Amino acid sequence: RILLGIPRAHPAVLEDPAPEVHCTALGESAVEYTVIARAADYRQRWAVENAIREEALKAFAEAGIEIPFPQRVVHLRGKV
């Protein structure tokens, strides 16, 4: 719901065809989604994509959703 609401609220994103969100991968440290949203003017593509990513980060933080990152445990043996 969070990801779908962001492009729907952006003024440059077309309502028809409607924005879509798809789960595209399940990784060891991530659930990956693809957001498909079409800009009214193709020249705005990069600005719209960037705005959607920035809003997604803000919305996730507000919802308490943490972005995972890979972690490694390193055991040191012998003299360091």
# chains A, B, ... in the order shown; residues from 1 in each chain; ligands from 1

$ select_by_dssp --residues "chain A" --states "helix (DSSP H, G or I)" --output "number ranges by chain"
A: 2-9, 42-62

$ select_by_dssp --residues "chain A" --states "strand (DSSP E or B)" --output "PyMOL selection string"
chain A and resi 13+20-26+31-36+39

$ residues_around --residues "Leu4 of chain A" --least-positions-apart "4" --cutoff "12 Å" --atoms "only C-alpha atoms" --output "PyMOL selection string"
chain A and resi 8-10+13+15+18-23+33-37+52-53+55-56+59

$ atom_distance --atom1 "atom CA of Ile67 of chain A" --atom2 "atom CA of Pro17 of chain A"
29.2 Å
